[in-house]
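Colleague: So that you have it, the file is query04.json, and it contains JSON, C-alpha atoms and all ligand atoms:
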[["chain", "number", "residue", "atom", "x", "y", "z"],
["B", 246, "MET", "CA", -2.22, -26.72, 1.46],
["B", 247, "SER", "CA", -2.75, -26.83, 5.17],
["B", 248, "GLN", "CA", -3.13, -23.54, 6.90],
["B", 249, "GLU", "CA", -2.32, -22.65, 10.46],
["B", 250, "LEU", "CA", -5.42, -21.42, 12.27],
["B", 251, "ILE", "CA", -5.45, -19.34, 15.42],
["B", 252, "LYS", "CA", -8.32, -18.47, 17.70],
["B", 253, "CYS", "CA", -9.38, -14.85, 17.56],
["B", 254, "PRO", "CA", -9.09, -13.49, 21.13],
["B", 255, "CYS", "CA", -12.22, -11.34, 20.79],
["B", 256, "CYS", "CA", -14.75, -13.73, 19.27],
["B", 257, "GLU", "CA", -13.01, -17.11, 19.42],
["B", 258, "LYS", "CA", -13.53, -17.61, 15.70],
["B", 259, "MET", "CA", -10.73, -19.58, 14.08],
["B", 260, "VAL", "CA", -8.90, -17.36, 11.60],
["B", 261, "PRO", "CA", -5.90, -18.07, 9.37],
["B", 262, "ALA", "CA", -2.62, -17.06, 11.03],
["B", 263, "ASN", "CA", -0.98, -16.02, 7.77],
["B", 264, "ASP", "CA", -3.82, -14.62, 5.77],
["B", 265, "VAL", "CA", -3.87, -13.27, 2.25],
["B", 266, "GLU", "CA", -3.24, -9.53, 2.45],
["B", 267, "LEU", "CA", -5.51, -6.92, 0.90],
["B", 268, "THR", "CA", -3.80, -5.53, -2.20],
["B", 269, "TYR", "CA", -4.84, -2.98, -4.77],
["B", 270, "ARG", "CA", -3.82, -3.78, -8.33],
["B", 271, "LEU", "CA", -3.85, -0.14, -9.51],
["B", 272, "PRO", "CA", -4.41, 3.39, -8.13],
["B", 273, "ASP", "CA", -8.18, 4.07, -7.94],
["B", 274, "ASP", "CA", -8.03, 6.82, -10.59],
["B", 275, "ILE", "CA", -6.36, 4.41, -13.00],
["B", 276, "ALA", "CA", -8.43, 1.36, -12.09],
["B", 277, "CYS", "CA", -11.64, 3.18, -13.02],
["B", 278, "MET", "CA", -10.44, 3.85, -16.59],
["B", 279, "ASP", "CA", -11.43, 1.44, -19.29],
["B", 280, "GLU", "CA", -8.73, -0.72, -20.85],
["B", 281, "GLU", "CA", -8.40, 1.48, -23.94],
["B", 282, "GLU", "CA", -8.09, 4.77, -22.06],
["B", 283, "ARG", "CA", -5.53, 3.26, -19.72],
["B", 284, "ALA", "CA", -3.45, 1.95, -22.60],
["B", 285, "SER", "CA", -3.45, 5.33, -24.34],
["B", 286, "THR", "CA", -2.63, 7.47, -21.27],
["B", 287, "CYS", "CA", -0.55, 5.30, -18.94],
["B", 288, "LYS", "CA", 2.72, 3.47, -18.73],
["B", 289, "TYR", "CA", 2.50, 0.92, -15.97],
["B", 290, "THR", "CA", 3.95, -2.17, -14.39],
["B", 291, "ASN", "CA", 3.19, -3.87, -11.05],
["B", 292, "ASP", "CA", 5.51, -1.34, -9.40],
["B", 293, "TYR", "CA", 4.70, 2.04, -10.90],
["B", 294, "VAL", "CA", 2.19, 3.96, -13.01],
["B", 295, "VAL", "CA", 2.88, 7.10, -15.02],
["B", 296, "CYS", "CA", -0.28, 8.74, -16.37],
["B", 297, "ASP", "CA", -0.15, 11.50, -19.01],
["B", 298, "ASP", "CA", 3.49, 12.10, -18.00],
["B", 299, "GLU", "CA", 1.95, 14.10, -15.17],
["B", 300, "TYR", "CA", 0.71, 11.74, -12.45],
["B", 301, "PHE", "CA", 3.19, 9.40, -10.86],
["B", 302, "TYR", "CA", 2.30, 6.47, -8.63],
["B", 303, "LEU", "CA", 4.36, 3.96, -6.76],
["B", 304, "ARG", "CA", 3.20, 0.61, -5.41],
["B", 305, "CYS", "CA", 3.98, 0.48, -1.67],
["B", 306, "ILE", "CA", 3.21, -1.60, 1.37],
["B", 307, "LEU", "CA", 1.37, -0.13, 4.31],
["B", 308, "PRO", "CA", 2.21, -2.26, 7.34],
["B", 309, "LEU", "CA", -0.21, -2.56, 10.27],
["B", 310, "PRO", "CA", 1.20, -4.28, 13.37],
["B", 311, "VAL", "CA", -1.08, -7.13, 14.49],
["B", 312, "HIS", "CA", -1.56, -7.32, 18.27],
["B", 313, "ASP", "CA", -0.18, -10.36, 20.10],
["B", 314, "THR", "CA", 1.39, -11.93, 17.01],
["B", 315, "GLY", "CA", 4.60, -9.99, 16.39],
["B", 316, "ARG", "CA", 3.50, -9.86, 12.77],
["B", 317, "GLU", "CA", 2.59, -7.07, 10.41],
["B", 318, "TYR", "CA", -0.41, -7.10, 8.13],
["B", 319, "CYS", "CA", 0.74, -5.35, 4.97],
["B", 320, "LEU", "CA", -1.83, -3.63, 2.80],
["B", 321, "GLY", "CA", -0.70, -3.32, -0.81],
["B", 322, "VAL", "CA", -1.46, 0.27, -1.77],
["B", 323, "TRP", "CA", -0.54, 2.90, -4.34],
["B", 324, "VAL", "CA", 0.92, 6.26, -3.45],
["B", 325, "GLN", "CA", 0.98, 9.32, -5.70],
["B", 326, "ILE", "CA", 4.31, 11.14, -5.56],
["B", 327, "SER", "CA", 5.62, 14.31, -7.17],
["B", 328, "PRO", "CA", 7.46, 14.24, -10.51],
["B", 329, "ASN", "CA", 10.68, 15.13, -8.68],
["B", 330, "SER", "CA", 10.25, 12.29, -6.21],
["B", 331, "PHE", "CA", 9.49, 9.89, -9.02],
["B", 332, "ASN", "CA", 12.66, 10.94, -10.84],
["B", 333, "LYS", "CA", 14.60, 10.28, -7.66],
["B", 334, "VAL", "CA", 13.02, 6.84, -7.23],
["B", 335, "TRP", "CA", 13.75, 6.06, -10.87],
["B", 336, "GLU", "CA", 17.36, 7.07, -10.45],
["B", 337, "LEU", "CA", 17.72, 4.85, -7.37],
["B", 338, "TRP", "CA", 15.66, 1.91, -8.71],
["B", 339, "ASP", "CA", 18.53, -0.61, -8.64],
["B", 340, "ASP", "CA", 20.62, 1.17, -6.04],
["B", 341, "GLU", "CA", 21.51, -1.06, -3.07],
["B", 342, "GLU", "CA", 21.86, 2.06, -0.93],
["B", 343, "GLN", "CA", 18.43, 3.48, -1.74],
["B", 344, "ALA", "CA", 17.31, 3.09, 1.90],
["B", 345, "ASN", "CA", 19.62, 6.02, 2.73],
["B", 346, "GLU", "CA", 17.32, 8.33, 0.80],
["B", 347, "PRO", "CA", 15.19, 10.42, 3.20],
["B", 348, "PRO", "CA", 11.42, 9.67, 3.25],
["B", 349, "MET", "CA", 9.31, 11.35, 0.57],
["B", 350, "ARG", "CA", 5.87, 12.84, 0.77],
["B", 351, "GLY", "CA", 2.99, 11.21, -1.05],
["B", 352, "LEU", "CA", -0.78, 10.83, -1.16],
["B", 353, "LEU", "CA", -2.63, 7.54, -0.79],
["B", 354, "ALA", "CA", -4.14, 6.67, -4.17],
["B", 355, "ASN", "CA", -6.55, 3.99, -2.93],
["B", 356, "ASN", "CA", -9.63, 4.58, -0.84],
["B", 357, "VAL", "CA", -8.82, 1.53, 1.26],
["B", 358, "HIS", "CA", -11.96, -0.48, 2.05],
["B", 359, "LEU", "CA", -13.17, -0.47, 5.69],
["B", 360, "SER", "CA", -11.14, 2.65, 6.40],
["B", 361, "THR", "CA", -12.21, 6.28, 6.52],
["B", 362, "GLY", "CA", -10.37, 9.25, 5.05],
["B", 363, "ALA", "CA", -7.86, 7.12, 3.15],
["B", 364, "GLU", "CA", -8.36, 8.76, -0.22],
["B", 365, "SER", "CA", -5.53, 11.28, -0.77],
["B", 366, "ALA", "CA", -4.39, 10.90, 2.85],
["B", 367, "GLU", "CA", -0.88, 12.22, 3.39],
["B", 368, "VAL", "CA", 1.81, 9.56, 3.78],
["B", 369, "MET", "CA", 5.58, 9.41, 3.85],
["B", 370, "ILE", "CA", 7.25, 6.69, 1.83],
["B", 371, "GLN", "CA", 10.58, 5.13, 2.63],
["B", 372, "LEU", "CA", 12.64, 3.26, 0.06],
["B", 373, "ILE", "CA", 13.86, -0.10, 1.41],
["B", 374, "GLY", "CA", 15.91, -1.81, -1.28],
["B", 375, "PRO", "CA", 15.91, -2.78, -4.97],
["B", 376, "THR", "CA", 13.83, -5.91, -4.41],
["B", 377, "SER", "CA", 11.46, -4.59, -1.72],
["B", 378, "ARG", "CA", 8.46, -2.36, -2.13],
["B", 379, "PRO", "CA", 8.67, 1.06, -0.45],
["B", 380, "VAL", "CA", 6.95, 1.36, 2.92],
["B", 381, "ALA", "CA", 4.16, 3.92, 3.40],
["B", 382, "ILE", "CA", 3.66, 5.57, 6.79],
["B", 383, "VAL", "CA", 0.34, 7.37, 7.25],
["B", 384, "LYS", "CA", 0.74, 10.97, 8.46],
["B", 385, "ASP", "CA", -2.85, 12.14, 8.16],
["B", 386, "GLU", "CA", -4.45, 11.72, 11.58],
["B", 387, "ALA", "CA", -7.92, 12.10, 10.06],
["B", 388, "CYS", "CA", -7.38, 8.82, 8.21],
["B", 389, "SER", "CA", -8.41, 5.76, 10.26],
["B", 390, "LEU", "CA", -5.29, 3.93, 9.01],
["B", 391, "TYR", "CA", -3.17, 6.41, 10.96],
["B", 392, "LYS", "CA", -4.35, 5.01, 14.27],
["B", 393, "GLU", "CA", -4.31, 1.42, 13.02],
["B", 394, "GLN", "CA", -0.69, 1.82, 11.98],
["B", 395, "GLN", "CA", 0.35, 3.55, 15.20],
["B", 396, "SER", "CA", -1.58, 1.34, 17.65],
["B", 397, "GLY", "CA", -1.86, -1.87, 15.68],
["B", 398, "ILE", "CA", -4.89, -3.94, 14.78],
["B", 399, "THR", "CA", -6.50, -7.07, 16.16],
["B", 400, "ILE", "CA", -6.33, -10.42, 14.40],
["B", 401, "HIS", "CA", -10.05, -9.98, 13.90],
["B", 402, "ARG", "CA", -9.54, -6.73, 12.02],
["B", 403, "ALA", "CA", -6.81, -8.28, 9.86],
["B", 404, "SER", "CA", -9.22, -11.06, 8.89],
["B", 405, "GLU", "CA", -11.83, -8.46, 7.94],
["B", 406, "TYR", "CA", -9.37, -6.91, 5.48],
["B", 407, "SER", "CA", -8.55, -10.36, 4.14],
["B", 408, "ASP", "CA", -12.23, -11.22, 3.75],
["B", 409, "LEU", "CA", -12.37, -8.51, 1.06],
["B", 410, "CYS", "CA", -9.99, -10.60, -1.06],
["B", 411, "ARG", "CA", -12.13, -13.70, -1.00],
["S", 1, "ZN", "ZN", -12.70, -11.71, 16.82]]
Would it be possible to restate this file's structure as structure tokens?

Modeller:
Amino acid sequence: MSQELIKCPCCEKMVPANDVELTYRLPDDIACMDEEERASTCKYTNDYVVCDDEYFYLRCILPLPVHDTGREYCLGVWVQISPNSFNKVWELWDDEEQANEPPMRGLLANNVHLSTGAESAEVMIQLIGPTSRPVAIVKDEACSLYKEQQSGITIHRASEYSDLCR
């Protein structure tokens, strides 16, 4: 597969234009369980995790605009939401109109690498549609992802996130 390379404006290194995006497979609290514990306490798919019928997580994307490219670099993260919010999401799972639902509060459930203050940072999530993952918007200004989402990131920074996947 040939890959389009672009020159990083800051260091002139050639970096992939459409790079693999950093994605977390599970919420951190669930990922650190062993296989057996997870199987006995959690119901999970690639889209949601319910742990002990008490902790509810939703897989979301956290888009970071990339300077000068018109693209977004989307981190794949988990967000913990309240039981009520989860019930709402469940109800609307296949609903074409789910984007009309107002944003819901949540807490980031991954301590995103290379960021600071990500663990349990406050976010709002917006439902998009039945076949799209919800979008997470960082509200906690103490989390470094807040500024990266508001102001965007460089291509260089995007490639640093991607380097974690290699
Ligand atoms: Zn650079």

Colleague: Enumerate as a list of chain:residue names the residues within 8 Å of ligand ZN 1 (chain S), counting all atoms listed in the file.

Modeller: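 My answer, listing the contacting residues, is B:Cys253, B:Pro254, B:Cys255, B:Cys256, B:Glu257, B:Lys258, B:Thr399, B:Ile400, B:His401, B:Arg402.
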
Colleague: Emit the selected residues as a PDB file, keeping the file's coordinate frame, including C-alpha atoms.

Modeller:
ATOM      1  CA  CYS B 253      -9.380 -14.850  17.560  1.00  0.00           C
ATOM      2  CA  PRO B 254      -9.090 -13.490  21.130  1.00  0.00           C
ATOM      3  CA  CYS B 255     -12.220 -11.340  20.790  1.00  0.00           C
ATOM      4  CA  CYS B 256     -14.750 -13.730  19.270  1.00  0.00           C
ATOM      5  CA  GLU B 257     -13.010 -17.110  19.420  1.00  0.00           C
ATOM      6  CA  LYS B 258     -13.530 -17.610  15.700  1.00  0.00           C
ATOM      7  CA  THR B 399      -6.500  -7.070  16.160  1.00  0.00           C
ATOM      8  CA  ILE B 400      -6.330 -10.420  14.400  1.00  0.00           C
ATOM      9  CA  HIS B 401     -10.050  -9.980  13.900  1.00  0.00           C
ATOM     10  CA  ARG B 402      -9.540  -6.730  12.020  1.00  0.00           C
TER      11      ARG B 402
END

Colleague: Around (3.5, 12.4, -11.2) in the file's own coordinates, what residues are found within 8 Å if you use all atoms listed in the file, given back as a list in words?

Modeller: Val295, Cys296, Asp298, Glu299, Tyr300, Phe301, Tyr302, Gln325, Ile326, Ser327, Pro328 and Phe331 of chain B

Colleague: Of the candidates B:Gln343, B:Ser396, B:Thr361, B:Ser404, which one gets nearest to Pro375 of chain B if we count all atoms listed in the file?

Modeller: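 Of B:Gln343, B:Ser396, B:Thr361, B:Ser404, the one nearest Pro375 of chain B, counting all atoms listed in the file, is B:Gln343.
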
Colleague: Counting only C-alpha atoms, which residues come within 6 Å of (7.5, -2.2, -0.9), with the point read in the file's coordinates, and could you list them as a PyMOL selection string?

Modeller: chain B and resi 305-306+377-380

Colleague: Determine, counting all atoms listed in the file, which protein, DNA and RNA residues have an atom within 7 Å of an atom of Ala262 of chain B; residues of the same chain fewer than 3 positions away are not included. Present the result as a PDB file with C-alpha atoms, in the frame of the given file.

Modeller:
ATOM      1  CA  GLU B 249      -2.320 -22.650  10.460  1.00  0.00           C
ATOM      2  CA  LEU B 250      -5.420 -21.420  12.270  1.00  0.00           C
ATOM      3  CA  ILE B 251      -5.450 -19.340  15.420  1.00  0.00           C
TER       4      ILE B 251
END

Colleague: Would you mind telling me which residue in B:Gln371, B:Ser389, B:Asn329, B:Asn263 lies nearest to Leu359 of chain B when using only C-alpha atoms?

Modeller: B:Ser389

Colleague: Report the distance between atom CA of Met349 of chain B and atom CA of Lys384 of chain B in Å, rounded to one decimal place.

Modeller: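 Computed distance, atom CA of Met349 of chain B to atom CA of Lys384 of chain B, equals 11.7 Å.
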
Colleague: Please identify all polymer residues within 12 Å of Asn345 of chain B, counting only C-alpha atoms, omitting same-chain residues fewer than 2 positions from it, and present them as a PyMOL selection string.

Modeller: chain B and resi 334+337+340-343+347-349+371-374

Colleague: So the first atom is atom CA of Thr290 of chain B and the second is atom CA of Ala366 of chain B; what is the distance between them in Å, to one decimal place?

Modeller: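 Interatomic distance, atom CA of Thr290 of chain B to atom CA of Ala366 of chain B: 23.2 Å.
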
Colleague: Out of B:Arg316, B:Lys392, B:Lys288, B:Arg283, which residue has the shortest atom-to-atom distance to Asp264 of chain B when counting all atoms listed in the file?

Modeller: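 Going through B:Arg316, B:Lys392, B:Lys288, B:Arg283 one by one, the smallest distance to Asp264 of chain B is for B:Arg316.
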
Colleague: Between B:Gln394, B:Val294, B:Ser360, B:Glu282, which residue has the minimum interatomic distance to Tyr406 of chain B, considering all atoms listed in the file?

Modeller: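 Ranked by minimum distance to Tyr406 of chain B, first place goes to B:Ser360.
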
Colleague: Separation of atom CA of Val324 of chain B and atom CA of Asp408 of chain B, in Å?

Modeller: 23.0 Å

Colleague: Using all atoms listed in the file, which of B:Arg270, B:Cys277, B:Arg304, B:Ile398 sits nearest Asp292 of chain B?

Modeller: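 Going through B:Arg270, B:Cys277, B:Arg304, B:Ile398 one by one, the smallest distance to Asp292 of chain B is for B:Arg304.
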
Colleague: At a cut-off of 9 Å, using only C-alpha atoms, what residues contact Val368 of chain B? Leave out same-chain residues fewer than 4 positions from it and give the result as a VMD selection string.

Modeller: chain B and resid 324 349 to 353 381 to 385

Colleague: Here is a test: counting only C-alpha atoms, which residue of B:Asp273, B:Gln248, B:Glu393, B:Cys287 is nearest to Glu364 of chain B?

Modeller: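 The closest residue to Glu364 of chain B is B:Asp273.
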
Colleague: Env of Val357 of chain B: 12 Å cut, atoms = all atoms listed in the file, seq-sep filter 6 positions within chain, self excluded. Answer as a list in words.

Modeller: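 Listing them by chain and then by number gives Leu267, Thr268, Tyr269, Leu271, Pro272, Asp273, Leu307, Leu320, Gly321, Val322, Trp323, Val324, Ala363, Glu364, Ser365, Ala366, Cys388, Ser389, Leu390, Tyr406 and Leu409 of chain B.
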
Colleague: Find the spatial neighbours of Pro308 of chain B, counting all atoms listed in the file, within a cut-off of 6 Å - ignore same-chain residues fewer than 2 positions away - and output them as a list in words.

Modeller: Glu317, Tyr318 and Cys319 of chain B
